[in-house]
Amino acid sequence: MTDQAKVRRHAERIRELVASVVRSQIKDPRLGMITITDARITADLRDATVFYTVLGDAAAQASTAAALESAKGMLRSTVGKALGLRHSPTLTFVLDDVQDQVKHIDDLLAAARTADAEVQRLAAKASYAGEAQPYRVEDDEDAASAENEDEDEDEDDDEPRAGDRR
């Protein structure tokens, strides 16, 4: 069983190494404005997945993917030497579509705000389906007669009963 902290440290180190090599050693003109966003490595330290983003359109993304594939051997040997592992991990490059997900979430939030505004607009015009006060309310005359009955009962309670002690 491999220590999870060790796996995380190796993944972070792979991310830093790949970013450094891409920035300084790869001179491929197909390589666009690339950012290495994350790296993940399996528990056996044999396979690593490197996530990246590219500034630009689909053509820039495709050309950057081709440049990374052609430089994969050099990147793998650099990572293997720097990590000092018995086996150099194989590198897989995956385009990180964070920007698309962010745009999708922003669109969903905007739609939710619009729907909430529509509900509030409809609620402002709404009225009760039945009476404004659906519960039974005693009239003033009924309330006064109920109080008089309660007072009569209280007066009867003042008389001592046979079993009561005072």
# chains A, B, ... in the order shown; residues from 1 in each chain; ligands from 1
call {"tool": "residues_around", "arguments": {"residues": "region 29-38 of chain A", "least_positions_apart": "2", "cutoff": "10 Å", "atoms": "only C-alpha atoms", "output": "PDB file with all heavy atoms, in the first residue's frame"}}
result
ATOM      1  N   ALA A  11       2.749  13.800  -7.422  1.00  0.00           N
ATOM      2  CA  ALA A  11       1.884  14.438  -8.413  1.00  0.00           C
ATOM      3  C   ALA A  11       2.174  15.927  -8.516  1.00  0.00           C
ATOM      4  O   ALA A  11       2.258  16.483  -9.619  1.00  0.00           O
ATOM      5  CB  ALA A  11       0.420  14.201  -8.063  1.00  0.00           C
ATOM      6  N   GLU A  12       2.354  16.572  -7.377  1.00  0.00           N
ATOM      7  CA  GLU A  12       2.682  18.007  -7.385  1.00  0.00           C
ATOM      8  C   GLU A  12       4.040  18.256  -8.041  1.00  0.00           C
ATOM      9  O   GLU A  12       4.207  19.203  -8.810  1.00  0.00           O
ATOM     10  CB  GLU A  12       2.674  18.546  -5.954  1.00  0.00           C
ATOM     11  CG  GLU A  12       2.943  20.013  -5.836  1.00  0.00           C
ATOM     12  CD  GLU A  12       1.879  20.885  -6.475  1.00  0.00           C
ATOM     13  OE1 GLU A  12       0.733  20.422  -6.622  1.00  0.00           O
ATOM     14  OE2 GLU A  12       2.191  22.032  -6.841  1.00  0.00           O
ATOM     15  N   ILE A  14       5.464  16.359 -10.314  1.00  0.00           N
ATOM     16  CA  ILE A  14       5.303  16.134 -11.757  1.00  0.00           C
ATOM     17  C   ILE A  14       4.706  17.367 -12.415  1.00  0.00           C
ATOM     18  O   ILE A  14       5.154  17.798 -13.482  1.00  0.00           O
ATOM     19  CB  ILE A  14       4.433  14.882 -12.012  1.00  0.00           C
ATOM     20  CG1 ILE A  14       5.221  13.620 -11.660  1.00  0.00           C
ATOM     21  CG2 ILE A  14       3.957  14.823 -13.459  1.00  0.00           C
ATOM     22  CD1 ILE A  14       4.394  12.354 -11.670  1.00  0.00           C
ATOM     23  N   ARG A  15       3.700  17.965 -11.780  1.00  0.00           N
ATOM     24  CA  ARG A  15       3.088  19.174 -12.344  1.00  0.00           C
ATOM     25  C   ARG A  15       4.123  20.285 -12.493  1.00  0.00           C
ATOM     26  O   ARG A  15       4.215  20.942 -13.529  1.00  0.00           O
ATOM     27  CB  ARG A  15       1.924  19.640 -11.471  1.00  0.00           C
ATOM     28  CG  ARG A  15       1.159  20.829 -12.059  1.00  0.00           C
ATOM     29  CD  ARG A  15       0.118  21.364 -11.118  1.00  0.00           C
ATOM     30  NE  ARG A  15       0.679  21.969  -9.931  1.00  0.00           N
ATOM     31  CZ  ARG A  15       1.230  23.194  -9.873  1.00  0.00           C
ATOM     32  NH1 ARG A  15       1.288  23.930 -10.945  1.00  0.00           N
ATOM     33  NH2 ARG A  15       1.715  23.650  -8.744  1.00  0.00           N
ATOM     34  N   GLU A  16       4.926  20.482 -11.452  1.00  0.00           N
ATOM     35  CA  GLU A  16       5.948  21.535 -11.495  1.00  0.00           C
ATOM     36  C   GLU A  16       7.010  21.245 -12.553  1.00  0.00           C
ATOM     37  O   GLU A  16       7.435  22.153 -13.287  1.00  0.00           O
ATOM     38  CB  GLU A  16       6.601  21.667 -10.124  1.00  0.00           C
ATOM     39  CG  GLU A  16       5.689  22.222  -9.052  1.00  0.00           C
ATOM     40  CD  GLU A  16       6.298  22.128  -7.661  1.00  0.00           C
ATOM     41  OE1 GLU A  16       7.428  21.596  -7.520  1.00  0.00           O
ATOM     42  OE2 GLU A  16       5.641  22.572  -6.713  1.00  0.00           O
ATOM     43  N   LEU A  17       7.461  19.989 -12.647  1.00  0.00           N
ATOM     44  CA  LEU A  17       8.492  19.632 -13.619  1.00  0.00           C
ATOM     45  C   LEU A  17       7.995  19.799 -15.049  1.00  0.00           C
ATOM     46  O   LEU A  17       8.708  20.368 -15.897  1.00  0.00           O
ATOM     47  CB  LEU A  17       8.944  18.183 -13.397  1.00  0.00           C
ATOM     48  CG  LEU A  17       9.822  17.936 -12.184  1.00  0.00           C
ATOM     49  CD1 LEU A  17       9.967  16.444 -11.929  1.00  0.00           C
ATOM     50  CD2 LEU A  17      11.194  18.561 -12.386  1.00  0.00           C
ATOM     51  N   VAL A  18       6.797  19.315 -15.330  1.00  0.00           N
ATOM     52  CA  VAL A  18       6.258  19.434 -16.685  1.00  0.00           C
ATOM     53  C   VAL A  18       6.079  20.905 -17.050  1.00  0.00           C
ATOM     54  O   VAL A  18       6.428  21.323 -18.163  1.00  0.00           O
ATOM     55  CB  VAL A  18       4.938  18.643 -16.821  1.00  0.00           C
ATOM     56  CG1 VAL A  18       4.246  18.960 -18.132  1.00  0.00           C
ATOM     57  CG2 VAL A  18       5.209  17.152 -16.713  1.00  0.00           C
ATOM     58  N   ALA A  19       5.581  21.703 -16.144  1.00  0.00           N
ATOM     59  CA  ALA A  19       5.404  23.139 -16.423  1.00  0.00           C
ATOM     60  C   ALA A  19       6.749  23.805 -16.693  1.00  0.00           C
ATOM     61  O   ALA A  19       6.878  24.623 -17.609  1.00  0.00           O
ATOM     62  CB  ALA A  19       4.700  23.811 -15.259  1.00  0.00           C
ATOM     63  N   SER A  20       7.755  23.448 -15.909  1.00  0.00           N
ATOM     64  CA  SER A  20       9.081  24.032 -16.092  1.00  0.00           C
ATOM     65  C   SER A  20       9.687  23.633 -17.435  1.00  0.00           C
ATOM     66  O   SER A  20      10.240  24.469 -18.155  1.00  0.00           O
ATOM     67  CB  SER A  20       9.995  23.586 -14.950  1.00  0.00           C
ATOM     68  OG  SER A  20      11.307  23.976 -15.189  1.00  0.00           O
ATOM     69  N   VAL A  22       8.097  22.543 -20.159  1.00  0.00           N
ATOM     70  CA  VAL A  22       7.315  23.123 -21.258  1.00  0.00           C
ATOM     71  C   VAL A  22       7.695  24.584 -21.455  1.00  0.00           C
ATOM     72  O   VAL A  22       7.832  25.061 -22.584  1.00  0.00           O
ATOM     73  CB  VAL A  22       5.795  22.961 -20.987  1.00  0.00           C
ATOM     74  CG1 VAL A  22       4.970  23.855 -21.893  1.00  0.00           C
ATOM     75  CG2 VAL A  22       5.379  21.516 -21.146  1.00  0.00           C
ATOM     76  N   ARG A  23       7.912  25.289 -20.369  1.00  0.00           N
ATOM     77  CA  ARG A  23       8.234  26.713 -20.451  1.00  0.00           C
ATOM     78  C   ARG A  23       9.648  26.948 -20.984  1.00  0.00           C
ATOM     79  O   ARG A  23       9.887  27.856 -21.778  1.00  0.00           O
ATOM     80  CB  ARG A  23       8.071  27.359 -19.077  1.00  0.00           C
ATOM     81  CG  ARG A  23       8.342  28.850 -19.060  1.00  0.00           C
ATOM     82  CD  ARG A  23       8.118  29.484 -17.692  1.00  0.00           C
ATOM     83  NE  ARG A  23       8.882  28.824 -16.656  1.00  0.00           N
ATOM     84  CZ  ARG A  23       8.370  28.129 -15.626  1.00  0.00           C
ATOM     85  NH1 ARG A  23       7.070  27.996 -15.510  1.00  0.00           N
ATOM     86  NH2 ARG A  23       9.146  27.574 -14.729  1.00  0.00           N
ATOM     87  N   ILE A  26      11.017  23.085 -24.346  1.00  0.00           N
ATOM     88  CA  ILE A  26      10.303  22.718 -25.570  1.00  0.00           C
ATOM     89  C   ILE A  26      10.204  23.955 -26.459  1.00  0.00           C
ATOM     90  O   ILE A  26       9.657  24.977 -26.061  1.00  0.00           O
ATOM     91  CB  ILE A  26       8.902  22.154 -25.260  1.00  0.00           C
ATOM     92  CG1 ILE A  26       9.032  20.884 -24.447  1.00  0.00           C
ATOM     93  CG2 ILE A  26       8.151  21.885 -26.547  1.00  0.00           C
ATOM     94  CD1 ILE A  26       7.720  20.269 -24.053  1.00  0.00           C
ATOM     95  N   LYS A  27      10.744  23.826 -27.645  1.00  0.00           N
ATOM     96  CA  LYS A  27      10.774  24.954 -28.585  1.00  0.00           C
ATOM     97  C   LYS A  27       9.873  24.715 -29.795  1.00  0.00           C
ATOM     98  O   LYS A  27      10.085  25.264 -30.859  1.00  0.00           O
ATOM     99  CB  LYS A  27      12.212  25.195 -29.072  1.00  0.00           C
ATOM    100  CG  LYS A  27      13.199  25.462 -27.970  1.00  0.00           C
ATOM    101  CD  LYS A  27      12.851  26.721 -27.213  1.00  0.00           C
ATOM    102  CE  LYS A  27      13.893  26.958 -26.124  1.00  0.00           C
ATOM    103  NZ  LYS A  27      13.462  27.900 -25.143  1.00  0.00           N
ATOM    104  N   ARG A  40      -2.094  14.113 -11.772  1.00  0.00           N
ATOM    105  CA  ARG A  40      -2.514  13.034 -10.884  1.00  0.00           C
ATOM    106  C   ARG A  40      -1.723  11.803 -11.253  1.00  0.00           C
ATOM    107  O   ARG A  40      -1.469  11.541 -12.425  1.00  0.00           O
ATOM    108  CB  ARG A  40      -4.008  12.766 -11.024  1.00  0.00           C
ATOM    109  CG  ARG A  40      -4.818  13.948 -10.567  1.00  0.00           C
ATOM    110  CD  ARG A  40      -6.289  13.667 -10.594  1.00  0.00           C
ATOM    111  NE  ARG A  40      -7.001  14.911 -10.295  1.00  0.00           N
ATOM    112  CZ  ARG A  40      -8.152  15.224 -10.813  1.00  0.00           C
ATOM    113  NH1 ARG A  40      -8.751  14.404 -11.642  1.00  0.00           N
ATOM    114  NH2 ARG A  40      -8.738  16.357 -10.490  1.00  0.00           N
ATOM    115  N   THR A  49      -1.329  11.476 -15.106  1.00  0.00           N
ATOM    116  CA  THR A  49      -2.186  12.249 -15.999  1.00  0.00           C
ATOM    117  C   THR A  49      -1.927  13.716 -15.721  1.00  0.00           C
ATOM    118  O   THR A  49      -2.015  14.157 -14.576  1.00  0.00           O
ATOM    119  CB  THR A  49      -3.667  11.922 -15.761  1.00  0.00           C
ATOM    120  OG1 THR A  49      -3.861  10.512 -15.893  1.00  0.00           O
ATOM    121  CG2 THR A  49      -4.546  12.645 -16.749  1.00  0.00           C
ATOM    122  N   VAL A  50      -1.584  14.446 -16.768  1.00  0.00           N
ATOM    123  CA  VAL A  50      -1.277  15.868 -16.640  1.00  0.00           C
ATOM    124  C   VAL A  50      -2.389  16.646 -17.333  1.00  0.00           C
ATOM    125  O   VAL A  50      -2.673  16.425 -18.515  1.00  0.00           O
ATOM    126  CB  VAL A  50       0.098  16.195 -17.266  1.00  0.00           C
ATOM    127  CG1 VAL A  50       0.395  17.680 -17.152  1.00  0.00           C
ATOM    128  CG2 VAL A  50       1.191  15.370 -16.617  1.00  0.00           C
ATOM    129  N   PHE A  51      -3.013  17.557 -16.601  1.00  0.00           N
ATOM    130  CA  PHE A  51      -4.096  18.378 -17.135  1.00  0.00           C
ATOM    131  C   PHE A  51      -3.539  19.740 -17.513  1.00  0.00           C
ATOM    132  O   PHE A  51      -2.734  20.320 -16.780  1.00  0.00           O
ATOM    133  CB  PHE A  51      -5.202  18.540 -16.094  1.00  0.00           C
ATOM    134  CG  PHE A  51      -5.889  17.248 -15.747  1.00  0.00           C
ATOM    135  CD1 PHE A  51      -5.439  16.466 -14.699  1.00  0.00           C
ATOM    136  CD2 PHE A  51      -6.983  16.815 -16.480  1.00  0.00           C
ATOM    137  CE1 PHE A  51      -6.069  15.282 -14.378  1.00  0.00           C
ATOM    138  CE2 PHE A  51      -7.612  15.627 -16.170  1.00  0.00           C
ATOM    139  CZ  PHE A  51      -7.158  14.854 -15.118  1.00  0.00           C
ATOM    140  N   TYR A  52      -3.996  20.248 -18.663  1.00  0.00           N
ATOM    141  CA  TYR A  52      -3.506  21.540 -19.139  1.00  0.00           C
ATOM    142  C   TYR A  52      -4.644  22.320 -19.784  1.00  0.00           C
ATOM    143  O   TYR A  52      -5.641  21.758 -20.202  1.00  0.00           O
ATOM    144  CB  TYR A  52      -2.355  21.354 -20.139  1.00  0.00           C
ATOM    145  CG  TYR A  52      -2.760  20.698 -21.435  1.00  0.00           C
ATOM    146  CD1 TYR A  52      -3.086  21.462 -22.547  1.00  0.00           C
ATOM    147  CD2 TYR A  52      -2.826  19.316 -21.557  1.00  0.00           C
ATOM    148  CE1 TYR A  52      -3.475  20.865 -23.734  1.00  0.00           C
ATOM    149  CE2 TYR A  52      -3.201  18.715 -22.740  1.00  0.00           C
ATOM    150  CZ  TYR A  52      -3.527  19.497 -23.828  1.00  0.00           C
ATOM    151  OH  TYR A  52      -3.915  18.910 -25.002  1.00  0.00           O
ATOM    152  N   THR A  53      -4.466  23.629 -19.845  1.00  0.00           N
ATOM    153  CA  THR A  53      -5.396  24.495 -20.566  1.00  0.00           C
ATOM    154  C   THR A  53      -4.601  25.268 -21.603  1.00  0.00           C
ATOM    155  O   THR A  53      -3.401  25.517 -21.432  1.00  0.00           O
ATOM    156  CB  THR A  53      -6.111  25.499 -19.644  1.00  0.00           C
ATOM    157  OG1 THR A  53      -5.138  26.320 -19.005  1.00  0.00           O
ATOM    158  CG2 THR A  53      -6.944  24.795 -18.602  1.00  0.00           C
ATOM    159  N   VAL A  54      -5.288  25.644 -22.671  1.00  0.00           N
ATOM    160  CA  VAL A  54      -4.656  26.391 -23.751  1.00  0.00           C
ATOM    161  C   VAL A  54      -5.508  27.609 -24.044  1.00  0.00           C
ATOM    162  O   VAL A  54      -6.733  27.506 -24.177  1.00  0.00           O
ATOM    163  CB  VAL A  54      -4.528  25.524 -25.029  1.00  0.00           C
ATOM    164  CG1 VAL A  54      -3.905  26.321 -26.157  1.00  0.00           C
ATOM    165  CG2 VAL A  54      -3.718  24.291 -24.747  1.00  0.00           C
ATOM    166  N   LEU A  55      -4.847  28.747 -24.125  1.00  0.00           N
ATOM    167  CA  LEU A  55      -5.539  29.976 -24.494  1.00  0.00           C
ATOM    168  C   LEU A  55      -5.663  30.014 -26.006  1.00  0.00           C
ATOM    169  O   LEU A  55      -4.671  29.951 -26.716  1.00  0.00           O
ATOM    170  CB  LEU A  55      -4.762  31.190 -23.976  1.00  0.00           C
ATOM    171  CG  LEU A  55      -5.423  32.539 -24.169  1.00  0.00           C
ATOM    172  CD1 LEU A  55      -6.702  32.604 -23.344  1.00  0.00           C
ATOM    173  CD2 LEU A  55      -4.491  33.646 -23.769  1.00  0.00           C
ATOM    174  N   GLY A  56      -6.891  30.051 -26.484  1.00  0.00           N
ATOM    175  CA  GLY A  56      -7.087  30.096 -27.934  1.00  0.00           C
ATOM    176  C   GLY A  56      -8.257  29.243 -28.351  1.00  0.00           C
ATOM    177  O   GLY A  56      -9.005  28.710 -27.533  1.00  0.00           O
ATOM    178  N   ALA A  59      -8.228  25.149 -32.892  1.00  0.00           N
ATOM    179  CA  ALA A  59      -7.011  24.876 -33.669  1.00  0.00           C
ATOM    180  C   ALA A  59      -5.768  24.991 -32.789  1.00  0.00           C
ATOM    181  O   ALA A  59      -4.842  24.174 -32.885  1.00  0.00           O
ATOM    182  CB  ALA A  59      -6.919  25.838 -34.841  1.00  0.00           C
ATOM    183  N   ALA A  60      -5.756  25.987 -31.913  1.00  0.00           N
ATOM    184  CA  ALA A  60      -4.619  26.148 -30.992  1.00  0.00           C
ATOM    185  C   ALA A  60      -4.557  24.984 -30.012  1.00  0.00           C
ATOM    186  O   ALA A  60      -3.469  24.504 -29.674  1.00  0.00           O
ATOM    187  CB  ALA A  60      -4.738  27.466 -30.239  1.00  0.00           C
ATOM    188  N   GLN A  61      -5.712  24.523 -29.565  1.00  0.00           N
ATOM    189  CA  GLN A  61      -5.749  23.388 -28.652  1.00  0.00           C
ATOM    190  C   GLN A  61      -5.243  22.120 -29.332  1.00  0.00           C
ATOM    191  O   GLN A  61      -4.486  21.347 -28.741  1.00  0.00           O
ATOM    192  CB  GLN A  61      -7.168  23.178 -28.123  1.00  0.00           C
ATOM    193  CG  GLN A  61      -7.635  24.297 -27.231  1.00  0.00           C
ATOM    194  CD  GLN A  61      -9.097  24.164 -26.836  1.00  0.00           C
ATOM    195  OE1 GLN A  61      -9.797  23.261 -27.288  1.00  0.00           O
ATOM    196  NE2 GLN A  61      -9.559  25.078 -25.990  1.00  0.00           N
ATOM    197  N   ALA A  62      -5.634  21.908 -30.583  1.00  0.00           N
ATOM    198  CA  ALA A  62      -5.195  20.717 -31.316  1.00  0.00           C
ATOM    199  C   ALA A  62      -3.700  20.751 -31.580  1.00  0.00           C
ATOM    200  O   ALA A  62      -3.005  19.726 -31.434  1.00  0.00           O
ATOM    201  CB  ALA A  62      -5.964  20.598 -32.625  1.00  0.00           C
ATOM    202  N   SER A  63      -3.173  21.902 -31.963  1.00  0.00           N
ATOM    203  CA  SER A  63      -1.732  21.992 -32.240  1.00  0.00           C
ATOM    204  C   SER A  63      -0.916  21.829 -30.955  1.00  0.00           C
ATOM    205  O   SER A  63       0.149  21.208 -30.963  1.00  0.00           O
ATOM    206  CB  SER A  63      -1.387  23.304 -32.943  1.00  0.00           C
ATOM    207  OG  SER A  63      -1.633  24.407 -32.094  1.00  0.00           O
ATOM    208  N   THR A  64      -1.418  22.339 -29.845  1.00  0.00           N
ATOM    209  CA  THR A  64      -0.728  22.176 -28.569  1.00  0.00           C
ATOM    210  C   THR A  64      -0.738  20.715 -28.135  1.00  0.00           C
ATOM    211  O   THR A  64       0.259  20.196 -27.629  1.00  0.00           O
ATOM    212  CB  THR A  64      -1.364  23.057 -27.487  1.00  0.00           C
ATOM    213  OG1 THR A  64      -1.261  24.425 -27.886  1.00  0.00           O
ATOM    214  CG2 THR A  64      -0.682  22.886 -26.152  1.00  0.00           C
ATOM    215  N   ALA A  65      -1.854  20.029 -28.360  1.00  0.00           N
ATOM    216  CA  ALA A  65      -1.931  18.602 -28.028  1.00  0.00           C
ATOM    217  C   ALA A  65      -0.921  17.811 -28.851  1.00  0.00           C
ATOM    218  O   ALA A  65      -0.246  16.901 -28.333  1.00  0.00           O
ATOM    219  CB  ALA A  65      -3.342  18.087 -28.263  1.00  0.00           C
ATOM    220  N   ALA A  66      -0.773  18.155 -30.131  1.00  0.00           N
ATOM    221  CA  ALA A  66       0.204  17.468 -30.981  1.00  0.00           C
ATOM    222  C   ALA A  66       1.634  17.747 -30.511  1.00  0.00           C
ATOM    223  O   ALA A  66       2.488  16.844 -30.509  1.00  0.00           O
ATOM    224  CB  ALA A  66       0.027  17.903 -32.428  1.00  0.00           C
ATOM    225  N   ALA A  67       1.911  18.986 -30.103  1.00  0.00           N
ATOM    226  CA  ALA A  67       3.244  19.328 -29.622  1.00  0.00           C
ATOM    227  C   ALA A  67       3.571  18.580 -28.337  1.00  0.00           C
ATOM    228  O   ALA A  67       4.702  18.099 -28.150  1.00  0.00           O
ATOM    229  CB  ALA A  67       3.351  20.835 -29.399  1.00  0.00           C
ATOM    230  N   LEU A  68       2.602  18.445 -27.445  1.00  0.00           N
ATOM    231  CA  LEU A  68       2.835  17.710 -26.191  1.00  0.00           C
ATOM    232  C   LEU A  68       3.057  16.221 -26.460  1.00  0.00           C
ATOM    233  O   LEU A  68       3.895  15.588 -25.811  1.00  0.00           O
ATOM    234  CB  LEU A  68       1.668  17.917 -25.232  1.00  0.00           C
ATOM    235  CG  LEU A  68       1.568  19.289 -24.581  1.00  0.00           C
ATOM    236  CD1 LEU A  68       0.283  19.405 -23.786  1.00  0.00           C
ATOM    237  CD2 LEU A  68       2.769  19.553 -23.692  1.00  0.00           C
ATOM    238  N   PHE A  93      -1.578  13.342 -21.406  1.00  0.00           N
ATOM    239  CA  PHE A  93      -1.983  14.746 -21.368  1.00  0.00           C
ATOM    240  C   PHE A  93      -3.468  14.852 -21.682  1.00  0.00           C
ATOM    241  O   PHE A  93      -3.949  14.303 -22.671  1.00  0.00           O
ATOM    242  CB  PHE A  93      -1.164  15.568 -22.360  1.00  0.00           C
ATOM    243  CG  PHE A  93       0.284  15.653 -21.983  1.00  0.00           C
ATOM    244  CD1 PHE A  93       1.215  14.800 -22.551  1.00  0.00           C
ATOM    245  CD2 PHE A  93       0.702  16.552 -21.032  1.00  0.00           C
ATOM    246  CE1 PHE A  93       2.540  14.855 -22.186  1.00  0.00           C
ATOM    247  CE2 PHE A  93       2.034  16.622 -20.653  1.00  0.00           C
ATOM    248  CZ  PHE A  93       2.961  15.763 -21.236  1.00  0.00           C
ATOM    249  N   VAL A  94      -4.185  15.577 -20.812  1.00  0.00           N
ATOM    250  CA  VAL A  94      -5.629  15.746 -20.964  1.00  0.00           C
ATOM    251  C   VAL A  94      -5.942  17.238 -20.937  1.00  0.00           C
ATOM    252  O   VAL A  94      -5.507  17.958 -20.028  1.00  0.00           O
ATOM    253  CB  VAL A  94      -6.388  15.027 -19.825  1.00  0.00           C
ATOM    254  CG1 VAL A  94      -7.878  15.285 -19.925  1.00  0.00           C
ATOM    255  CG2 VAL A  94      -6.086  13.545 -19.834  1.00  0.00           C
ATOM    256  N   LEU A  95      -6.686  17.664 -21.962  1.00  0.00           N
ATOM    257  CA  LEU A  95      -7.110  19.067 -22.018  1.00  0.00           C
ATOM    258  C   LEU A  95      -8.114  19.322 -20.909  1.00  0.00           C
ATOM    259  O   LEU A  95      -9.137  18.646 -20.816  1.00  0.00           O
ATOM    260  CB  LEU A  95      -7.727  19.392 -23.379  1.00  0.00           C
ATOM    261  CG  LEU A  95      -8.180  20.826 -23.576  1.00  0.00           C
ATOM    262  CD1 LEU A  95      -7.001  21.785 -23.506  1.00  0.00           C
ATOM    263  CD2 LEU A  95      -8.891  20.975 -24.902  1.00  0.00           C
ATOM    264  N   ASP A  96      -7.811  20.267 -20.054  1.00  0.00           N
ATOM    265  CA  ASP A  96      -8.675  20.605 -18.920  1.00  0.00           C
ATOM    266  C   ASP A  96      -9.703  21.621 -19.405  1.00  0.00           C
ATOM    267  O   ASP A  96      -9.359  22.736 -19.786  1.00  0.00           O
ATOM    268  CB  ASP A  96      -7.825  21.183 -17.792  1.00  0.00           C
ATOM    269  CG  ASP A  96      -8.529  21.187 -16.474  1.00  0.00           C
ATOM    270  OD1 ASP A  96      -9.675  20.748 -16.403  1.00  0.00           O
ATOM    271  OD2 ASP A  96      -7.905  21.630 -15.479  1.00  0.00           O
ATOM    272  N   VAL A  98     -11.911  23.443 -17.937  1.00  0.00           N
ATOM    273  CA  VAL A  98     -12.434  24.230 -16.827  1.00  0.00           C
ATOM    274  C   VAL A  98     -13.186  25.459 -17.337  1.00  0.00           C
ATOM    275  O   VAL A  98     -14.252  25.800 -16.830  1.00  0.00           O
ATOM    276  CB  VAL A  98     -11.292  24.640 -15.866  1.00  0.00           C
ATOM    277  CG1 VAL A  98     -11.774  25.629 -14.827  1.00  0.00           C
ATOM    278  CG2 VAL A  98     -10.705  23.425 -15.207  1.00  0.00           C
TER     279      VAL A  98
END
call {"tool": "select_by_dssp", "arguments": {"residues": "region 61-141 of chain A", "states": "alpha helix (DSSP H)", "output": "JSON, numbers by chain"}}
result
{"A": [61, 62, 63, 64, 65, 66, 67, 68, 69, 70, 72, 73, 74, 75, 76, 77, 78, 79, 80, 81, 82, 83, 98, 99, 100, 101, 102, 103, 104, 105, 106, 107, 108, 109, 110, 111, 112, 113, 114, 115, 116, 117, 118, 119, 120, 121, 122, 123, 124, 125, 140, 141]}
call {"tool": "select_by_dssp", "arguments": {"residues": "region 31-152 of chain A", "states": "strand (DSSP E)", "output": "ChimeraX atom specification"}}
result
/A:33-41,47-55,90-95
call {"tool": "closest_residue", "arguments": {"among": "A:Arg76, A:Leu85, A:Gln101, A:Val119", "to": "His10 (chain A)", "atoms": "only C-alpha atoms"}}
result
A:Leu85
call {"tool": "atom_distance", "arguments": {"atom1": "CA of Glu118 (chain A)", "atom2": "CA of Ile105 (chain A)"}}
result
20.0 Å
call {"tool": "closest_residue", "arguments": {"among": "A:Tyr128, A:Ala58, A:Leu91, A:Ile41", "to": "Met74 (chain A)", "atoms": "only C-alpha atoms"}}
result
A:Leu91
call {"tool": "closest_residue", "arguments": {"among": "A:Arg46, A:Arg136, A:Lys103, A:Arg121", "to": "Thr90 (chain A)", "atoms": "only C-alpha atoms"}}
result
A:Arg46
call {"tool": "atom_distance", "arguments": {"atom1": "CA of Ala5 (chain A)", "atom2": "CA of Lys72 (chain A)"}}
result
25.9 Å
call {"tool": "atom_distance", "arguments": {"atom1": "CA of Asp57 (chain A)", "atom2": "CA of Thr92 (chain A)"}}
result
21.5 Å
call {"tool": "closest_residue", "arguments": {"among": "A:Ala115, A:Ala71, A:Val21, A:Leu45", "to": "Val7 (chain A)", "atoms": "only C-alpha atoms"}}
result
A:Leu45
